[in-house]
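Colleague: Sharing protein08.txt below, compact mmCIF, C-alpha atoms:
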```txt
# COMPACT_ATOMS: atom_id res chain seq x y z
CA MET A 2 25.67 -65.00 -13.31
CA ARG A 3 28.88 -64.10 -11.46
CA THR A 4 30.00 -61.90 -14.36
CA LYS A 5 26.66 -60.08 -14.35
CA LEU A 6 26.92 -59.42 -10.61
CA ILE A 7 30.44 -58.08 -11.07
CA HIS A 8 29.20 -55.68 -13.77
CA LEU A 9 26.33 -54.53 -11.54
CA PHE A 10 28.70 -53.99 -8.63
CA ALA A 11 31.09 -52.03 -10.82
CA SER A 12 28.25 -49.86 -12.11
CA ALA A 13 27.10 -49.14 -8.58
CA LEU A 14 30.61 -48.15 -7.56
CA ALA A 15 30.85 -45.84 -10.55
CA ILE A 16 27.61 -44.09 -9.61
CA ILE A 17 28.74 -43.68 -6.00
CA PHE A 18 32.10 -42.31 -7.16
CA LEU A 19 30.34 -39.82 -9.44
CA LEU A 20 28.09 -38.57 -6.64
CA ILE A 21 31.03 -38.19 -4.26
CA SER A 22 33.04 -36.35 -6.92
CA CYS A 23 30.19 -33.92 -7.54
CA ALA A 24 29.80 -33.28 -3.84
CA LYS A 25 33.49 -32.59 -3.31
CA ASP A 26 34.44 -30.76 -6.47
CA GLU A 27 31.89 -28.85 -8.50
CA PRO A 28 28.23 -28.11 -7.83
CA VAL A 29 25.77 -30.11 -9.89
CA PRO A 30 24.57 -27.65 -12.56
CA ILE A 31 20.89 -26.79 -12.53
CA VAL A 32 20.93 -25.90 -16.21
CA ASP A 33 22.45 -27.96 -18.98
CA PRO A 34 26.10 -26.85 -19.37
CA ASN A 35 26.16 -28.23 -22.90
CA GLU A 36 23.39 -25.94 -24.08
CA PRO A 37 24.59 -24.04 -27.16
CA GLU A 38 25.48 -20.39 -26.53
CA ASP A 39 23.00 -19.13 -29.12
CA LYS A 40 20.09 -20.71 -27.21
CA VAL A 41 20.60 -18.55 -24.14
CA GLN A 42 18.09 -15.70 -24.21
CA TYR A 43 17.68 -12.54 -22.16
CA ASP A 44 13.99 -12.57 -21.33
CA PRO A 45 13.72 -11.57 -17.66
CA THR A 46 10.67 -12.61 -15.67
CA PRO A 47 9.63 -10.25 -12.86
CA TYR A 48 9.96 -11.86 -9.45
CA ILE A 49 6.70 -11.41 -7.55
CA MET A 50 7.37 -10.78 -3.89
CA PRO A 51 4.78 -12.24 -1.51
CA LYS A 52 2.73 -10.06 0.80
CA LEU A 53 5.01 -9.64 3.79
CA PHE A 54 2.49 -8.47 6.41
CA PRO A 55 3.15 -7.62 9.19
CA LEU A 56 6.47 -6.42 7.71
CA PRO A 57 6.34 -3.16 5.72
CA GLU A 58 6.55 -3.18 1.96
CA MET A 59 10.12 -3.64 0.79
CA VAL A 60 11.75 -0.89 -1.24
CA ILE A 61 13.36 -2.29 -4.41
CA PRO A 62 15.95 -0.04 -6.12
CA GLU A 63 15.06 1.02 -9.64
CA ASP A 64 18.46 0.00 -10.99
CA ASN A 65 18.14 -3.57 -9.67
CA PRO A 66 14.59 -4.82 -10.24
CA MET A 67 13.76 -8.29 -8.93
CA THR A 68 13.67 -10.99 -11.61
CA GLU A 69 13.46 -14.76 -11.35
CA GLN A 70 16.71 -15.02 -13.28
CA GLY A 71 18.50 -12.54 -11.02
CA VAL A 72 17.27 -14.22 -7.84
CA LEU A 73 18.36 -17.61 -9.16
CA LEU A 74 21.83 -16.32 -10.05
CA GLY A 75 22.19 -14.76 -6.61
CA ARG A 76 21.06 -17.98 -5.00
CA MET A 77 23.65 -19.95 -6.96
CA LEU A 78 26.43 -17.55 -5.98
CA PHE A 79 25.30 -17.70 -2.34
CA TYR A 80 25.76 -21.48 -2.24
CA ASP A 81 28.72 -21.88 -4.62
CA PRO A 82 32.31 -21.69 -3.28
CA ILE A 83 33.37 -20.42 -6.72
CA LEU A 84 33.12 -16.92 -5.24
CA ASP A 85 35.92 -17.61 -2.78
CA LYS A 86 39.44 -17.04 -4.11
CA ASP A 87 40.44 -20.46 -2.72
CA SER A 88 37.07 -22.17 -3.38
CA ALA A 89 37.13 -23.07 0.31
CA ARG A 90 33.83 -21.56 1.41
CA ALA A 91 30.56 -20.06 0.27
CA CYS A 92 28.13 -17.69 1.95
CA ALA A 93 26.09 -20.77 2.88
CA THR A 94 29.07 -22.29 4.68
CA CYS A 95 28.38 -19.95 7.59
CA HIS A 96 24.82 -18.85 6.83
CA ILE A 97 22.93 -22.13 7.21
CA GLN A 98 19.24 -22.11 6.38
CA GLU A 99 18.22 -24.53 9.15
CA GLN A 100 19.83 -22.15 11.66
CA SER A 101 18.07 -19.06 10.30
CA PHE A 102 20.98 -18.44 7.92
CA THR A 103 23.53 -18.19 10.69
CA SER A 104 25.98 -20.47 12.49
CA GLY A 105 27.91 -19.88 15.67
CA ALA A 106 28.36 -16.68 17.59
CA ILE A 107 30.19 -14.39 15.19
CA VAL A 108 27.77 -14.85 12.28
CA LEU A 109 24.65 -12.72 12.32
CA PRO A 110 21.59 -14.25 10.65
CA HIS A 111 20.69 -13.26 7.10
CA LEU A 112 17.06 -12.68 7.94
CA ASN A 113 14.98 -9.72 6.71
CA PHE A 114 18.38 -8.61 5.46
CA ALA A 115 17.04 -5.99 3.08
CA TYR A 116 15.63 -3.99 5.99
CA ASN A 117 19.06 -3.65 7.64
CA LYS A 118 21.28 -0.58 7.73
CA ASN A 119 24.30 -1.81 9.68
CA TYR A 120 25.92 -5.19 9.12
CA LEU A 121 28.31 -7.33 11.16
CA TRP A 122 28.54 -7.32 14.95
CA ASP A 123 30.90 -4.36 15.12
CA GLY A 124 28.90 -2.35 12.60
CA HIS A 125 31.86 -1.53 10.37
CA VAL A 126 29.93 -2.36 7.18
CA SER A 127 26.88 -0.32 6.24
CA GLY A 128 25.02 0.80 3.14
CA THR A 129 22.62 -0.73 0.64
CA VAL A 130 22.28 -4.49 0.23
CA GLU A 131 24.11 -4.16 -3.09
CA GLU A 132 27.00 -2.33 -1.42
CA VAL A 133 27.26 -4.93 1.32
CA MET A 134 27.25 -7.78 -1.20
CA TYR A 135 29.95 -5.97 -3.20
CA PHE A 136 32.04 -5.80 -0.03
CA GLU A 137 31.54 -9.53 0.58
CA ILE A 138 32.47 -10.41 -3.01
CA THR A 139 35.52 -8.19 -3.38
CA GLU A 140 36.96 -8.02 0.15
CA PHE A 141 35.72 -11.03 2.10
CA PHE A 142 35.84 -13.61 -0.70
CA GLN A 143 38.26 -11.74 -2.99
CA ALA A 144 36.48 -13.38 -5.92
CA ASP A 145 38.39 -14.31 -9.06
CA PHE A 146 36.14 -13.23 -11.92
CA ASP A 147 38.39 -14.73 -14.57
CA ARG A 148 37.49 -18.10 -13.07
CA ILE A 149 33.79 -17.26 -12.90
CA ASN A 150 33.83 -16.07 -16.53
CA ALA A 151 35.51 -19.32 -17.56
CA SER A 152 32.38 -21.18 -16.44
CA LYS A 153 29.78 -21.60 -19.18
CA LEU A 154 27.19 -22.21 -16.48
CA TYR A 155 27.74 -18.72 -15.11
CA ARG A 156 28.17 -17.02 -18.48
CA ASP A 157 24.74 -18.33 -19.37
CA GLN A 158 23.22 -17.30 -16.05
CA PHE A 159 24.60 -13.75 -16.27
CA LYS A 160 23.20 -13.55 -19.80
CA ARG A 161 19.76 -14.61 -18.55
CA ALA A 162 19.85 -12.21 -15.60
CA PHE A 163 21.62 -9.14 -17.00
CA ASP A 164 21.90 -9.57 -20.79
CA THR A 165 25.67 -10.00 -20.70
CA GLU A 166 27.91 -13.04 -20.59
CA VAL A 167 30.60 -11.10 -18.73
CA ALA A 168 30.37 -11.51 -14.96
CA THR A 169 31.50 -8.50 -12.92
CA PRO A 170 31.58 -7.83 -9.17
CA GLU A 171 28.89 -5.18 -9.62
CA LEU A 172 26.48 -7.53 -11.39
CA ALA A 173 27.23 -10.38 -9.00
CA ALA A 174 26.44 -8.03 -6.10
CA LYS A 175 23.14 -7.10 -7.72
CA ALA A 176 22.19 -10.75 -8.15
CA MET A 177 23.12 -11.62 -4.58
CA ALA A 178 21.17 -8.59 -3.32
CA GLN A 179 18.11 -9.89 -5.15
CA PHE A 180 18.48 -13.26 -3.42
CA GLU A 181 19.03 -11.62 -0.03
CA ARG A 182 15.77 -9.71 -0.47
CA ILE A 183 13.76 -12.93 -0.53
CA LEU A 184 15.22 -14.04 2.82
CA THR A 185 12.18 -12.70 4.64
CA SER A 186 10.72 -14.06 7.86
CA TYR A 187 7.10 -13.14 8.54
CA ASN A 188 5.31 -16.42 9.35
CA SER A 189 6.17 -17.06 12.99
CA LYS A 190 3.48 -17.75 15.57
CA PHE A 191 3.79 -14.09 16.58
CA ASP A 192 3.07 -12.97 13.01
CA LYS A 193 0.12 -15.32 12.73
CA MET A 194 -1.24 -13.94 15.98
CA LEU A 195 -0.98 -10.41 14.57
CA ARG A 196 -2.86 -11.53 11.48
CA GLY A 197 -5.60 -13.06 13.62
CA GLU A 198 -4.82 -16.61 12.48
CA LEU A 199 -4.33 -17.94 16.04
CA ILE A 200 -4.20 -16.82 19.66
CA PHE A 201 -1.44 -17.03 22.25
CA ASN A 202 -1.65 -19.21 25.31
CA GLU A 203 -1.50 -17.62 28.76
CA ASP A 204 2.31 -17.76 29.15
CA GLU A 205 2.94 -16.46 25.62
CA ARG A 206 0.55 -13.55 26.13
CA ALA A 207 2.05 -12.67 29.52
CA GLY A 208 5.56 -12.92 28.05
CA MET A 209 4.62 -10.59 25.19
CA ASN A 210 3.25 -8.05 27.65
CA LEU A 211 6.49 -8.28 29.62
CA PHE A 212 8.64 -7.92 26.50
CA PHE A 213 6.91 -4.71 25.43
CA SER A 214 6.87 -3.19 28.93
CA GLU A 215 9.33 -1.13 30.94
CA GLU A 216 9.34 -3.97 33.46
CA ALA A 217 11.38 -6.32 31.23
CA ASP A 218 12.96 -3.47 29.24
CA CYS A 219 13.42 -5.44 25.99
CA PHE A 220 11.54 -3.37 23.44
CA HIS A 221 13.82 -0.32 23.48
CA CYS A 222 16.38 -2.18 21.38
CA HIS A 223 14.25 -5.02 20.00
CA ASN A 224 11.39 -3.27 18.26
CA TYR A 225 7.90 -4.39 17.39
CA LEU A 226 8.34 -6.04 13.96
CA PHE A 227 12.03 -6.60 13.28
CA PHE A 228 12.99 -7.30 16.90
CA GLY A 229 16.17 -5.30 16.40
CA ASP A 230 16.88 -1.62 15.83
CA ASN A 231 19.81 -1.56 13.35
CA LEU A 232 21.85 0.30 15.96
CA LEU A 233 24.89 -0.41 18.11
CA HIS A 234 24.75 -0.65 21.90
CA ASN A 235 26.87 -1.54 24.90
CA ASN A 236 24.39 -3.81 26.69
CA GLY A 237 26.38 -4.30 29.89
CA LEU A 238 28.14 -7.59 29.27
CA ASP A 239 31.37 -6.59 31.03
CA GLU A 240 32.85 -3.93 33.28
CA ASP A 241 35.80 -3.86 30.85
CA PRO A 242 34.04 -4.47 27.53
CA ASP A 243 35.49 -5.60 24.20
CA GLU A 244 36.38 -2.88 21.70
CA GLY A 245 33.32 -3.28 19.49
CA HIS A 246 32.71 -0.38 17.11
CA PHE A 247 35.66 1.52 18.65
CA ALA A 248 38.02 -0.69 16.63
CA TYR A 249 36.83 1.10 13.48
CA THR A 250 36.01 4.61 14.69
CA GLY A 251 38.72 5.17 17.30
CA ASN A 252 36.09 7.06 19.29
CA PRO A 253 36.11 6.03 22.98
CA ILE A 254 32.32 6.36 23.20
CA ASP A 255 32.07 3.34 20.86
CA ILE A 256 33.88 0.92 23.18
CA GLY A 257 31.71 -2.11 23.83
CA LYS A 258 29.12 -1.21 21.21
CA PHE A 259 27.82 -4.07 19.07
CA LYS A 260 24.88 -4.44 16.74
CA THR A 261 21.52 -5.40 18.18
CA PRO A 262 20.70 -8.75 16.58
CA THR A 263 17.18 -9.59 15.52
CA LEU A 264 15.33 -11.87 17.92
CA ARG A 265 13.33 -13.47 15.12
CA ASN A 266 14.17 -17.18 15.13
CA VAL A 267 16.25 -16.56 18.25
CA ALA A 268 15.63 -20.12 19.44
CA LEU A 269 17.63 -21.33 16.39
CA THR A 270 20.62 -19.02 16.60
CA ALA A 271 22.55 -20.09 19.72
CA PRO A 272 25.10 -19.31 21.05
CA TYR A 273 24.26 -15.73 21.94
CA MET A 274 26.04 -12.35 22.15
CA HIS A 275 28.90 -11.25 19.91
CA ASP A 276 31.30 -13.69 21.55
CA GLY A 277 28.90 -16.61 22.00
CA ARG A 278 29.23 -16.64 25.78
CA PHE A 279 25.67 -17.81 26.40
CA GLU A 280 24.59 -21.22 25.14
CA THR A 281 20.88 -21.01 25.98
CA LEU A 282 18.02 -18.54 26.05
CA ASP A 283 17.71 -19.16 29.79
CA GLU A 284 21.26 -17.85 30.27
CA VAL A 285 20.45 -14.74 28.22
CA ILE A 286 17.33 -14.05 30.26
CA ASP A 287 19.27 -14.56 33.51
CA PHE A 288 21.89 -12.07 32.30
CA TYR A 289 19.37 -9.31 31.60
CA SER A 290 17.60 -10.11 34.86
CA GLU A 291 20.47 -9.94 37.34
CA GLN A 292 23.95 -10.00 35.72
CA VAL A 293 24.29 -6.65 33.89
CA LYS A 294 27.68 -4.94 34.42
CA ILE A 295 28.19 -1.16 34.43
CA SER A 296 30.95 0.37 32.30
CA PRO A 297 31.59 3.97 31.14
CA THR A 298 29.91 3.41 27.75
CA ILE A 299 26.94 1.30 28.84
CA ASP A 300 23.82 2.35 26.98
CA PRO A 301 21.43 4.52 29.03
CA LEU A 302 18.60 2.39 27.63
CA MET A 303 19.76 -0.22 30.16
CA GLU A 304 17.45 1.41 32.69
CA PHE A 305 18.01 -1.11 35.47
CA MET A 306 21.80 -1.28 35.23
CA HIS A 307 22.34 0.00 38.77
CA GLN A 308 20.51 -2.98 40.24
CA GLY A 309 22.23 -5.47 37.93
CA GLY A 310 19.23 -5.98 35.64
CA VAL A 311 15.45 -6.03 35.58
CA GLN A 312 15.15 -8.62 38.39
CA MET A 313 12.54 -10.98 36.93
CA SER A 314 10.84 -13.70 38.95
CA PRO A 315 11.07 -17.35 37.84
CA THR A 316 7.52 -17.08 36.53
CA GLU A 317 8.31 -13.98 34.50
CA LYS A 318 11.41 -15.65 33.05
CA ARG A 319 9.32 -18.62 31.97
CA GLN A 320 6.73 -16.36 30.38
CA LEU A 321 9.31 -14.23 28.57
CA LYS A 322 10.95 -17.35 27.12
CA ALA A 323 7.55 -18.64 25.99
CA PHE A 324 7.07 -15.43 24.02
CA LEU A 325 10.53 -15.58 22.48
CA LEU A 326 9.76 -19.07 21.21
CA THR A 327 6.78 -17.66 19.28
CA LEU A 328 9.27 -15.81 17.05
CA THR A 329 10.40 -19.07 15.38
CA ASP A 330 9.43 -19.21 11.70
CA GLU A 331 9.50 -22.79 10.45
CA ALA A 332 8.49 -21.72 6.94
CA PHE A 333 11.58 -19.53 6.70
CA ILE A 334 14.04 -22.28 7.54
CA THR A 335 12.38 -24.80 5.18
CA ASN A 336 11.55 -22.53 2.23
CA PRO A 337 12.49 -24.48 -0.94
CA GLU A 338 13.10 -21.23 -2.86
CA THR A 339 16.08 -20.43 -0.62
CA GLN A 340 17.60 -23.90 -0.34
CA ASN A 341 20.79 -25.01 -2.07
CA PRO A 342 19.95 -25.05 -5.81
CA PHE A 343 22.75 -27.51 -6.57
CA THR A 344 21.17 -30.31 -4.56
CA GLU A 345 17.67 -30.18 -6.05
```
Hey, can you dump this file as structure tokens for me?
Modeller:
Amino acid sequence: MRTKLIHLFASALAIIFLLISCAKDEPVPIVDPNEPEDKVQYDPTPYIMPKLFPLPEMVIPEDNPMTEQGVLLGRMLFYDPILDKDSARACATCHIQEQSFTSGAIVLPHLNFAYNKNYLWDGHVSGTVEEVMYFEITEFFQADFDRINASKLYRDQFKRAFDTEVATPELAAKAMAQFERILTSYNSKFDKMLRGELIFNEDERAGMNLFFSEEADCFHCHNYLFFGDNLLHNNGLDEDPDEGHFAYTGNPIDIGKFKTPTLRNVALTAPYMHDGRFETLDEVIDFYSEQVKISPTIDPLMEFMHQGGVQMSPTEKRQLKAFLLTLTDEAFITNPETQNPFTE
């Protein structure tokens, strides 16, 4: 009996050791790595995008059509530290699904990413989603494609997605762009209200009216559907603002200009502002109400700058916050199609 218990204990330890090893070293493959090479077929399946209303229809480039195989490959690369030259981080290290694919102050959320034009707080990266992913792969991660091509798992996945077993930065960027295009948020309480699926309570309705009025002055930069404008602004954080976009253009008019972040899922993306100075939504609302600072490059859209902000009452602040909370999309942060494929 004692011998049997010892064997059972040893087996349990072996299983635990195996799980820990997988977690620390290599991702658990989602396809059989021992599958013979000649079994891998290129037979792409079109990826059917859901109806995104109230968002507009997404434009998909002709040279990178959405396929299930391409999306899966992009998802794997998003979560796998193999992209990083030191295997120390992955996209998902900083872009955490439960936090609307962000984490901390300096990381903007990957949310409705395909509708963007400018990327990063200081706006120094722009272009198509494919171009931005190419930048991430080659400059941010400095990916070693010899290592990626040494992986049978990835040779097979590139074959399935692009009919070649040779991984390249260009093809990896296309796959990651396909995955980024499915990171769409359109099922918040606000969206459901627009679709007539529910109605707002009194505070939410009053807060929405405030948000889209000159009185609260939010909508100039945070537009109706994306709750951002893809532009750069100096929003009056400091009398002597940080460099912002000036660091890349050298043009003094760009001092203090940072990208307008989307407010979708804003309740999940604290801390706020490019430097994370505000920990709560209440602090952000207080800032825009009575703490705005004037500097030479402050955006003229800050209409109430000369009185320090829009000067909201406690009731108006409560109502505005109630509306902002309706922008949380629980389906987006729990979508199984965008979760880590190596832990399924």
Colleague: What's around Gln158 of chain A at 12 Å? Count all atoms listed in the file, leave out sequence neighbours fewer than 2 positions away in its own chain, and write the answer as an mmCIF file with C-alpha atoms, in the frame of the given file.
Modeller:
```
data_model
loop_
_atom_site.group_PDB
_atom_site.id
_atom_site.type_symbol
_atom_site.label_atom_id
_atom_site.label_comp_id
_atom_site.auth_asym_id
_atom_site.auth_seq_id
_atom_site.Cartn_x
_atom_site.Cartn_y
_atom_site.Cartn_z
ATOM 1 C CA PRO A 30 24.570 -27.650 -12.560
ATOM 2 C CA ILE A 31 20.890 -26.790 -12.530
ATOM 3 C CA VAL A 32 20.930 -25.900 -16.210
ATOM 4 C CA ASP A 33 22.450 -27.960 -18.980
ATOM 5 C CA PRO A 34 26.100 -26.850 -19.370
ATOM 6 C CA GLU A 36 23.390 -25.940 -24.080
ATOM 7 C CA GLU A 38 25.480 -20.390 -26.530
ATOM 8 C CA VAL A 41 20.600 -18.550 -24.140
ATOM 9 C CA GLN A 42 18.090 -15.700 -24.210
ATOM 10 C CA TYR A 43 17.680 -12.540 -22.160
ATOM 11 C CA ASP A 44 13.990 -12.570 -21.330
ATOM 12 C CA PRO A 45 13.720 -11.570 -17.660
ATOM 13 C CA GLU A 69 13.460 -14.760 -11.350
ATOM 14 C CA GLN A 70 16.710 -15.020 -13.280
ATOM 15 C CA GLY A 71 18.500 -12.540 -11.020
ATOM 16 C CA VAL A 72 17.270 -14.220 -7.840
ATOM 17 C CA LEU A 73 18.360 -17.610 -9.160
ATOM 18 C CA LEU A 74 21.830 -16.320 -10.050
ATOM 19 C CA GLY A 75 22.190 -14.760 -6.610
ATOM 20 C CA ARG A 76 21.060 -17.980 -5.000
ATOM 21 C CA MET A 77 23.650 -19.950 -6.960
ATOM 22 C CA LEU A 78 26.430 -17.550 -5.980
ATOM 23 C CA ILE A 149 33.790 -17.260 -12.900
ATOM 24 C CA ASN A 150 33.830 -16.070 -16.530
ATOM 25 C CA SER A 152 32.380 -21.180 -16.440
ATOM 26 C CA LYS A 153 29.780 -21.600 -19.180
ATOM 27 C CA LEU A 154 27.190 -22.210 -16.480
ATOM 28 C CA TYR A 155 27.740 -18.720 -15.110
ATOM 29 C CA ARG A 156 28.170 -17.020 -18.480
ATOM 30 C CA LYS A 160 23.200 -13.550 -19.800
ATOM 31 C CA ARG A 161 19.760 -14.610 -18.550
ATOM 32 C CA ALA A 162 19.850 -12.210 -15.600
ATOM 33 C CA PHE A 163 21.620 -9.140 -17.000
ATOM 34 C CA ASP A 164 21.900 -9.570 -20.790
ATOM 35 C CA THR A 165 25.670 -10.000 -20.700
ATOM 36 C CA GLU A 166 27.910 -13.040 -20.590
ATOM 37 C CA VAL A 167 30.600 -11.100 -18.730
ATOM 38 C CA ALA A 168 30.370 -11.510 -14.960
ATOM 39 C CA LEU A 172 26.480 -7.530 -11.390
ATOM 40 C CA ALA A 173 27.230 -10.380 -9.000
ATOM 41 C CA ALA A 176 22.190 -10.750 -8.150
#
```
Colleague: My list of candidates is A:Thr129, A:Thr103, A:Thr263, A:Gln292. Which is closest to Ala174 of chain A when distances are computed with only C-alpha atoms?
Modeller: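 Comparing A:Thr129, A:Thr103, A:Thr263, A:Gln292 against Ala174 of chain A, the winner is A:Thr129.
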Colleague: Return the single residue from A:Ile83, A:Gly309, A:Phe227, A:Phe136 that is closest to Glu171 of chain A, with distances computed using only C-alpha atoms.
Modeller: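 When distances to Glu171 of chain A are compared using only C-alpha atoms, the smallest one comes from A:Phe136.
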Colleague: Find the residues around segment 315-317 of chain A up to 9 Å (all atoms listed in the file counted), leave out those fewer than 3 positions away in its own chain, and share them as a PyMOL selection string.
Modeller: chain A and resi 204+207-208+211+217+320-322
Colleague: Would you mind reading off the distance between atom CA of Glu131 of chain A and atom CA of Met177 of chain A, one decimal, in Å?
Modeller: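 Atom CA of Met177 of chain A lies at a distance of 7.7 Å from atom CA of Glu131 of chain A.
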Colleague: Measuring atom to atom with only C-alpha atoms, identify which of A:Gln100, A:Ser189, A:Thr298, A:Asn235 is nearest to Glu331 of chain A.
Modeller: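 Closest candidate: A:Ser189.
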Colleague: For a test of reading the model, state the distance in Å between atom CA of Asp192 of chain A and atom CA of Gly128 of chain A, rounded to one decimal.
Modeller: 27.7 Å
Colleague: Just to confirm, what's the straight-line distance from atom CA of Pro262 of chain A to atom CA of Leu112 of chain A in Å (one decimal)?
Modeller: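 About the pair atom CA of Pro262 of chain A and atom CA of Leu112 of chain A: they are 10.2 Å apart.
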Colleague: Pick from A:Gln308, A:Ser290, A:Thr335, A:Asn341: nearest to Cys219 of chain A, with all atoms listed in the file counted?
Modeller: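 For Cys219 of chain A, the nearest of the given residues is A:Ser290.
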Colleague: So, with only C-alpha atoms as the atoms that count, which of A:Glu99, A:Asp145, A:Asp239, A:Asp283 lies closest to Pro82 of chain A?
Modeller: A:Asp145
Colleague: Point out the residue among A:Lys118, A:Lys175, A:His307, A:His125 with the least atom-to-atom distance to Tyr249 of chain A, counting all atoms listed in the file.
Modeller: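 The closest residue to Tyr249 of chain A is A:His125.
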